[in-house]
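Q: Okay, handing you the structure first.
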Amino acid sequence: MSRAAAHVSPMAPPRSFIWTRRVGLSLISLFVLVPVYVMVSSSLKPLQDVSGAFRWLPSGLTLRPYFDIWQTVPLARYFGNSLIVSGAATICSVIVAIFAAYAVSRYRFRGKRVFTVTVLSTQMFPGILFLLPLFLIFVNIGNTTGIALYGSRGGLILTYLTFSLPFSIWMLIGYFDSIPRDLDEAALVDGCGPLRALFRVVVPAATPGIVAVAVYAFMTAWGEVLFASVMTNDTTRTLAVGLRGYATQNDVYWNQVMAASLVVSVPVVAGFLLLQRYLVAGLTAGAVK
């Protein structure tokens, strides 16, 4: 056997497979990047260039749509509502999921298996099934107690908790199970109580999983449309619903729609890029367990 042949790996894929993979990845990348290009180019065009036939190469570029989006609709108010609702829903979801997942992972109690199965089974139902029940519950609570949940940010936060909590608890259970119990026992021997051991030992070790849960809860609340369109009013409307304000009865400001969509995507994309390492680690650990 020649020296050159000895260096060839017997498991090396054939060249035809390598080129097929490259072509396939190139086509997928093109399929993903073309809509992004259309969005960016349309946001930089005057309205008359967007309303007619689409041009791949714009005749003129302008930043005017990025200034007009704040005047056509109260985008700043919608932006603030989305930040408040998504941030509060994320914080509440993470806190509740940490305590619930730690209890299921570390303690034995009656109904533990039923609780775990119930939490996971809630993900099998489409969200629209909960729309009418939640609407009736919020209206009846408001009529009975005077607590205004319908049309308020608090009611929308509670609504989003029903979506993000089950998956967050389920994923953190798997991540907490992957953390050795010896860490908890060592902390208890050193004089820590259960809560102190949780926050001083387990939570730092579970940082990737907690970040993954936080990103999931935030993205779920940030881009939700169905419940936000029913559970909010003009004052508490979020970005996902407020984007419809660029479509009037007579015209649609497509360039402003594209510009506003890019602005709305910035927080989610920036957060994902900053937390990508923790997100992948957290999802992988929870899935493997």
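Labeling convention for the structure tokens: chains A, B, ... as they appear, residues from 1 per chain, ligands from 1 in order of appearance.
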Which residues are near segment 149-155 of chain A? Cut-off 7 Å, only C-alpha atoms, ignore same chain within fewer than 3 positions. Put them as a tab-separated table (two decimals) with N, CA and C atoms, in the first residue's frame.
A:
```tsv
chain	number	residue	atom	x	y	z
A	85	VAL	N	-44.55	43.27	28.50
A	85	VAL	CA	-45.25	41.99	28.56
A	85	VAL	C	-44.27	40.83	28.39
A	138	PHE	N	-61.32	35.91	32.20
A	138	PHE	CA	-60.88	37.29	32.48
A	138	PHE	C	-62.08	38.23	32.60
A	139	VAL	N	-63.05	38.08	31.73
A	139	VAL	CA	-64.23	38.94	31.79
A	139	VAL	C	-65.00	38.72	33.08
A	142	GLY	N	-63.19	40.20	36.02
A	142	GLY	CA	-63.35	41.65	36.04
A	142	GLY	C	-64.73	42.07	36.52
A	158	LEU	N	-50.32	36.80	32.10
A	158	LEU	CA	-50.85	35.52	32.59
A	158	LEU	C	-51.17	34.58	31.42
A	159	THR	N	-51.66	35.14	30.34
A	159	THR	CA	-51.97	34.32	29.17
A	159	THR	C	-50.71	33.68	28.60
A	231	MET	N	-56.95	40.00	23.45
A	231	MET	CA	-56.84	40.35	24.86
A	231	MET	C	-56.32	41.77	25.10
A	232	THR	N	-56.10	42.56	24.05
A	232	THR	CA	-55.56	43.91	24.24
A	232	THR	C	-56.50	44.93	23.62
A	233	ASN	N	-56.27	46.19	23.98
A	233	ASN	CA	-57.01	47.30	23.39
A	233	ASN	C	-56.01	48.29	22.79
A	236	THR	N	-52.97	48.92	25.26
A	236	THR	CA	-52.08	47.82	25.62
A	236	THR	C	-51.67	46.98	24.41
```
Q: What's the 9 Å shell around Val268 of chain A, counting only C-alpha atoms, without same-chain residues fewer than 6 positions away, as a VMD selection string?
A: chain A and resid 215 218 to 219 222
Q: Would you save the residues of that selection, restricted to C-alpha atoms, as a tab-separated table (two decimals), in the first residue's frame?
A:
```tsv
chain	number	residue	atom	x	y	z
A	215	VAL	CA	-35.13	32.86	25.40
A	218	PHE	CA	-39.39	35.74	25.51
A	219	MET	CA	-39.72	34.71	21.87
A	222	TRP	CA	-42.74	38.66	21.59
```
Q: Pull the helix (DSSP H, G or I) assignments for segment 49-276 of chain A out of DSSP run on the backbone, and list those residues as number ranges by chain.
A: A: 49-51, 64-72, 75-106, 112-124, 127-145, 153-177, 181-189, 194-205, 207-222, 226-231, 239-246, 254-276
Q: Each residue of segment 64-158 of chain A with at least one atom at most 10 Å from segment 259-265 of chain A should appear once, together with its nearest atom pair and the corresponding distance in Å (one decimal); atoms considered: only C-alpha atoms; ordering: chain, then increasing residue number; output as a Markdown table.
A:
```
| residue | atom | partner | partner_atom | distance |
| --- | --- | --- | --- | --- |
| A:Arg64 | CA | A:Ala259 | CA | 9.7 |
| A:Pro65 | CA | A:Ala259 | CA | 6.4 |
| A:Tyr66 | CA | A:Ala259 | CA | 5.8 |
| A:Phe67 | CA | A:Ala259 | CA | 9.3 |
| A:Asp68 | CA | A:Ala259 | CA | 9.4 |
| A:Ile69 | CA | A:Ala260 | CA | 6.3 |
| A:Trp70 | CA | A:Ala260 | CA | 8.8 |
| A:Leu75 | CA | A:Ala260 | CA | 8.4 |
| A:Phe79 | CA | A:Val264 | CA | 7.9 |
| A:Ser82 | CA | A:Val264 | CA | 9.8 |
```
Q: Output the selection as a PDB file, in the first residue's frame - C-alpha atoms for each residue.
A:
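As written to disk, selection37.pdb reads:
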```pdb
ATOM      1  CA  ARG A  64     -37.648  57.761   4.890  1.00  0.00           C
ATOM      2  CA  PRO A  65     -39.708  54.638   5.763  1.00  0.00           C
ATOM      3  CA  TYR A  66     -37.629  54.140   8.931  1.00  0.00           C
ATOM      4  CA  PHE A  67     -38.643  57.622  10.093  1.00  0.00           C
ATOM      5  CA  ASP A  68     -42.269  57.354   8.974  1.00  0.00           C
ATOM      6  CA  ILE A  69     -42.962  54.110  10.857  1.00  0.00           C
ATOM      7  CA  TRP A  70     -42.958  56.017  14.158  1.00  0.00           C
ATOM      8  CA  LEU A  75     -44.932  52.157  17.242  1.00  0.00           C
ATOM      9  CA  PHE A  79     -42.687  48.569  21.418  1.00  0.00           C
ATOM     10  CA  SER A  82     -44.159  44.282  23.998  1.00  0.00           C
TER      11      SER A  82
END
```
Q: I'd like the interatomic distance between atom CA of Ile173 of chain A and atom CA of Thr118 of chain A, to a tenth of an Å.
A: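 The value is 13.7 Å.
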Q: With only C-alpha atoms as the atoms that count, which of A:Thr72, A:Val117, A:Gly191, A:Tyr160 lies nearest to Leu134 of chain A?
A: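 Of the candidates, the smallest distance to Leu134 of chain A is held by A:Tyr160.
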Q: Excluding Thr238 of chain A and residues on its chain fewer than 2 positions from it, collect all residues at most 6 Å away from it, counting only C-alpha atoms, and give them as a PyMOL selection string.
A: chain A and resi 78+81-82+240-242
Q: For atom CA of Ser93 of chain A and atom CA of Leu165 of chain A, quote the distance in Å rounded to one decimal.
A: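 These two atoms are separated by 5.5 Å.
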Q: Using only C-alpha atoms, can you tell me which of A:Phe199, A:Phe135, A:Phe272, A:Phe167 comes closest to Phe227 of chain A?
A: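 Ranked by minimum distance to Phe227 of chain A, first place goes to A:Phe135.
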Q: Would you give me, as JSON lines, each residue of segment 136-235 of chain A having an atom within 12 Å of an atom of segment 94-113 of chain A, along with its shortest atom pair and that distance in Å to one decimal, using only C-alpha atoms and sorting by chain and residue number?
A:
```
{"residue": "A:Leu161", "atom": "CA", "partner": "A:Val96", "partner_atom": "CA", "distance": 9.7}
{"residue": "A:Thr162", "atom": "CA", "partner": "A:Val96", "partner_atom": "CA", "distance": 11.7}
{"residue": "A:Ser164", "atom": "CA", "partner": "A:Val94", "partner_atom": "CA", "distance": 9.2}
{"residue": "A:Leu165", "atom": "CA", "partner": "A:Ala97", "partner_atom": "CA", "distance": 6.4}
{"residue": "A:Pro166", "atom": "CA", "partner": "A:Ala97", "partner_atom": "CA", "distance": 8.2}
{"residue": "A:Phe167", "atom": "CA", "partner": "A:Ala97", "partner_atom": "CA", "distance": 9.0}
{"residue": "A:Ser168", "atom": "CA", "partner": "A:Ala97", "partner_atom": "CA", "distance": 5.9}
{"residue": "A:Ile169", "atom": "CA", "partner": "A:Ala97", "partner_atom": "CA", "distance": 4.7}
{"residue": "A:Trp170", "atom": "CA", "partner": "A:Ala101", "partner_atom": "CA", "distance": 7.1}
{"residue": "A:Met171", "atom": "CA", "partner": "A:Ala101", "partner_atom": "CA", "distance": 8.3}
{"residue": "A:Leu172", "atom": "CA", "partner": "A:Ala101", "partner_atom": "CA", "distance": 5.7}
{"residue": "A:Ile173", "atom": "CA", "partner": "A:Ala101", "partner_atom": "CA", "distance": 4.7}
{"residue": "A:Gly174", "atom": "CA", "partner": "A:Ser105", "partner_atom": "CA", "distance": 8.0}
{"residue": "A:Tyr175", "atom": "CA", "partner": "A:Ala101", "partner_atom": "CA", "distance": 8.9}
{"residue": "A:Phe176", "atom": "CA", "partner": "A:Ser105", "partner_atom": "CA", "distance": 6.3}
{"residue": "A:Asp177", "atom": "CA", "partner": "A:Ser105", "partner_atom": "CA", "distance": 5.8}
{"residue": "A:Ser178", "atom": "CA", "partner": "A:Ser105", "partner_atom": "CA", "distance": 9.5}
{"residue": "A:Ile179", "atom": "CA", "partner": "A:Ser105", "partner_atom": "CA", "distance": 9.8}
{"residue": "A:Pro180", "atom": "CA", "partner": "A:Arg106", "partner_atom": "CA", "distance": 10.4}
{"residue": "A:Arg181", "atom": "CA", "partner": "A:Arg106", "partner_atom": "CA", "distance": 8.0}
{"residue": "A:Asp182", "atom": "CA", "partner": "A:Arg106", "partner_atom": "CA", "distance": 11.4}
{"residue": "A:Leu183", "atom": "CA", "partner": "A:Arg106", "partner_atom": "CA", "distance": 11.7}
{"residue": "A:Asp184", "atom": "CA", "partner": "A:Arg106", "partner_atom": "CA", "distance": 9.2}
{"residue": "A:Glu185", "atom": "CA", "partner": "A:Arg106", "partner_atom": "CA", "distance": 10.9}
{"residue": "A:Pro194", "atom": "CA", "partner": "A:Tyr102", "partner_atom": "CA", "distance": 10.2}
{"residue": "A:Leu195", "atom": "CA", "partner": "A:Phe99", "partner_atom": "CA", "distance": 9.3}
{"residue": "A:Ala197", "atom": "CA", "partner": "A:Tyr102", "partner_atom": "CA", "distance": 11.0}
{"residue": "A:Leu198", "atom": "CA", "partner": "A:Tyr102", "partner_atom": "CA", "distance": 7.9}
{"residue": "A:Phe199", "atom": "CA", "partner": "A:Ile98", "partner_atom": "CA", "distance": 9.7}
{"residue": "A:Val202", "atom": "CA", "partner": "A:Tyr102", "partner_atom": "CA", "distance": 8.9}
{"residue": "A:Val203", "atom": "CA", "partner": "A:Ile98", "partner_atom": "CA", "distance": 8.2}
{"residue": "A:Pro204", "atom": "CA", "partner": "A:Ile98", "partner_atom": "CA", "distance": 11.8}
{"residue": "A:Ala206", "atom": "CA", "partner": "A:Ile98", "partner_atom": "CA", "distance": 9.7}
{"residue": "A:Thr207", "atom": "CA", "partner": "A:Ile98", "partner_atom": "CA", "distance": 10.9}
{"residue": "A:Gly209", "atom": "CA", "partner": "A:Ile98", "partner_atom": "CA", "distance": 10.1}
{"residue": "A:Ile210", "atom": "CA", "partner": "A:Val94", "partner_atom": "CA", "distance": 7.0}
{"residue": "A:Val211", "atom": "CA", "partner": "A:Val94", "partner_atom": "CA", "distance": 8.8}
{"residue": "A:Ala212", "atom": "CA", "partner": "A:Val94", "partner_atom": "CA", "distance": 9.9}
{"residue": "A:Val213", "atom": "CA", "partner": "A:Val94", "partner_atom": "CA", "distance": 6.7}
{"residue": "A:Ala214", "atom": "CA", "partner": "A:Val94", "partner_atom": "CA", "distance": 6.2}
{"residue": "A:Val215", "atom": "CA", "partner": "A:Val94", "partner_atom": "CA", "distance": 9.9}
{"residue": "A:Tyr216", "atom": "CA", "partner": "A:Val94", "partner_atom": "CA", "distance": 10.1}
{"residue": "A:Ala217", "atom": "CA", "partner": "A:Val94", "partner_atom": "CA", "distance": 8.1}
{"residue": "A:Phe218", "atom": "CA", "partner": "A:Val94", "partner_atom": "CA", "distance": 10.2}
```
Q: Would you save the residues of that selection, restricted to N, CA and C atoms, as a CSV table (one decimal), in the first residue's frame?
A:
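Below is the file that was written, selection_6.csv:
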```
chain,number,residue,atom,x,y,z
A,161,LEU,N,-48.0,33.0,30.2
A,161,LEU,CA,-47.5,32.0,31.1
A,161,LEU,C,-48.1,30.7,30.9
A,162,THR,N,-49.3,30.6,30.5
A,162,THR,CA,-49.9,29.3,30.2
A,162,THR,C,-49.3,28.6,29.0
A,164,SER,N,-45.8,29.3,28.0
A,164,SER,CA,-44.3,29.0,28.2
A,164,SER,C,-44.0,28.2,29.4
A,165,LEU,N,-44.9,28.2,30.4
A,165,LEU,CA,-44.5,27.5,31.6
A,165,LEU,C,-44.4,25.9,31.4
A,166,PRO,N,-45.4,25.3,30.8
A,166,PRO,CA,-45.2,23.8,30.7
A,166,PRO,C,-43.9,23.4,30.0
A,167,PHE,N,-43.6,24.0,28.9
A,167,PHE,CA,-42.3,23.6,28.2
A,167,PHE,C,-41.1,23.9,29.0
A,168,SER,N,-41.2,25.1,29.7
A,168,SER,CA,-40.1,25.5,30.5
A,168,SER,C,-39.8,24.6,31.7
A,169,ILE,N,-40.9,24.2,32.3
A,169,ILE,CA,-40.8,23.2,33.5
A,169,ILE,C,-40.2,21.9,33.0
A,170,TRP,N,-40.8,21.4,31.9
A,170,TRP,CA,-40.3,20.1,31.3
A,170,TRP,C,-38.9,20.1,30.9
A,171,MET,N,-38.4,21.2,30.3
A,171,MET,CA,-37.0,21.3,29.9
A,171,MET,C,-36.1,21.4,31.1
A,172,LEU,N,-36.5,22.2,32.1
A,172,LEU,CA,-35.6,22.3,33.3
A,172,LEU,C,-35.6,21.1,34.1
A,173,ILE,N,-36.6,20.3,34.1
A,173,ILE,CA,-36.6,19.0,34.8
A,173,ILE,C,-35.5,18.1,34.2
A,174,GLY,N,-35.4,18.0,32.9
A,174,GLY,CA,-34.3,17.3,32.3
A,174,GLY,C,-33.0,17.8,32.6
A,175,TYR,N,-32.9,19.2,32.7
A,175,TYR,CA,-31.5,19.7,32.9
A,175,TYR,C,-31.1,19.5,34.4
A,176,PHE,N,-32.1,19.7,35.3
A,176,PHE,CA,-31.8,19.5,36.7
A,176,PHE,C,-31.4,18.0,37.0
A,177,ASP,N,-32.0,17.1,36.3
A,177,ASP,CA,-31.7,15.7,36.4
A,177,ASP,C,-30.3,15.4,36.0
A,178,SER,N,-29.8,16.2,35.1
A,178,SER,CA,-28.4,15.9,34.6
A,178,SER,C,-27.3,16.5,35.6
A,179,ILE,N,-27.8,17.3,36.6
A,179,ILE,CA,-26.8,17.8,37.6
A,179,ILE,C,-26.7,16.8,38.7
A,180,PRO,N,-25.5,16.4,39.1
A,180,PRO,CA,-25.3,15.4,40.1
A,180,PRO,C,-26.0,15.9,41.4
A,181,ARG,N,-26.6,14.9,42.1
A,181,ARG,CA,-27.2,15.2,43.4
A,181,ARG,C,-26.1,15.4,44.5
A,182,ASP,N,-24.9,15.0,44.2
A,182,ASP,CA,-23.8,15.2,45.2
A,182,ASP,C,-23.6,16.7,45.5
A,183,LEU,N,-23.9,17.5,44.5
A,183,LEU,CA,-23.7,19.0,44.7
A,183,LEU,C,-24.7,19.5,45.8
A,184,ASP,N,-25.9,19.0,45.7
A,184,ASP,CA,-26.9,19.4,46.7
A,184,ASP,C,-26.5,18.9,48.0
A,185,GLU,N,-26.1,17.6,48.1
A,185,GLU,CA,-25.8,17.0,49.4
A,185,GLU,C,-24.6,17.7,50.0
A,194,PRO,N,-32.3,24.1,51.8
A,194,PRO,CA,-32.7,23.7,50.4
A,194,PRO,C,-32.8,24.9,49.4
A,195,LEU,N,-33.3,26.0,49.9
A,195,LEU,CA,-33.4,27.2,49.0
A,195,LEU,C,-32.0,27.7,48.7
A,197,ALA,N,-29.2,26.1,48.8
A,197,ALA,CA,-28.5,25.2,47.9
A,197,ALA,C,-29.0,25.3,46.5
A,198,LEU,N,-30.3,25.6,46.3
A,198,LEU,CA,-30.8,25.7,45.0
A,198,LEU,C,-30.2,26.9,44.3
A,199,PHE,N,-30.1,28.1,44.9
A,199,PHE,CA,-29.7,29.3,44.3
A,199,PHE,C,-28.1,29.5,44.3
A,202,VAL,N,-27.2,24.8,42.5
A,202,VAL,CA,-27.9,24.2,41.4
A,202,VAL,C,-28.1,25.2,40.2
A,203,VAL,N,-28.6,26.4,40.6
A,203,VAL,CA,-28.9,27.4,39.6
A,203,VAL,C,-27.7,27.9,38.8
A,204,PRO,N,-26.5,28.1,39.4
A,204,PRO,CA,-25.3,28.5,38.6
A,204,PRO,C,-24.9,27.3,37.7
A,206,ALA,N,-26.9,25.3,36.3
A,206,ALA,CA,-28.0,25.1,35.3
A,206,ALA,C,-28.2,26.4,34.5
A,207,THR,N,-27.2,27.3,34.4
A,207,THR,CA,-27.3,28.5,33.7
A,207,THR,C,-27.7,28.3,32.2
A,209,GLY,N,-29.4,26.0,30.8
A,209,GLY,CA,-30.8,25.6,30.7
A,209,GLY,C,-31.7,26.7,31.0
A,210,ILE,N,-31.4,27.5,32.0
A,210,ILE,CA,-32.2,28.6,32.4
A,210,ILE,C,-32.3,29.7,31.3
A,211,VAL,N,-31.1,29.9,30.7
A,211,VAL,CA,-31.1,30.9,29.6
A,211,VAL,C,-31.9,30.4,28.4
A,212,ALA,N,-31.9,29.1,28.1
A,212,ALA,CA,-32.7,28.5,27.0
A,212,ALA,C,-34.2,28.7,27.3
A,213,VAL,N,-34.5,28.5,28.6
A,213,VAL,CA,-35.9,28.7,28.9
A,213,VAL,C,-36.3,30.2,28.8
A,214,ALA,N,-35.5,31.1,29.2
A,214,ALA,CA,-35.8,32.5,29.1
A,214,ALA,C,-35.9,32.9,27.7
A,215,VAL,N,-35.0,32.5,26.8
A,215,VAL,CA,-35.1,32.9,25.4
A,215,VAL,C,-36.4,32.3,24.8
A,216,TYR,N,-36.8,31.1,25.1
A,216,TYR,CA,-38.0,30.5,24.6
A,216,TYR,C,-39.2,31.3,25.1
A,217,ALA,N,-39.3,31.6,26.4
A,217,ALA,CA,-40.4,32.4,26.9
A,217,ALA,C,-40.5,33.7,26.3
A,218,PHE,N,-39.4,34.4,26.1
A,218,PHE,CA,-39.4,35.7,25.5
A,218,PHE,C,-39.9,35.7,24.1
```
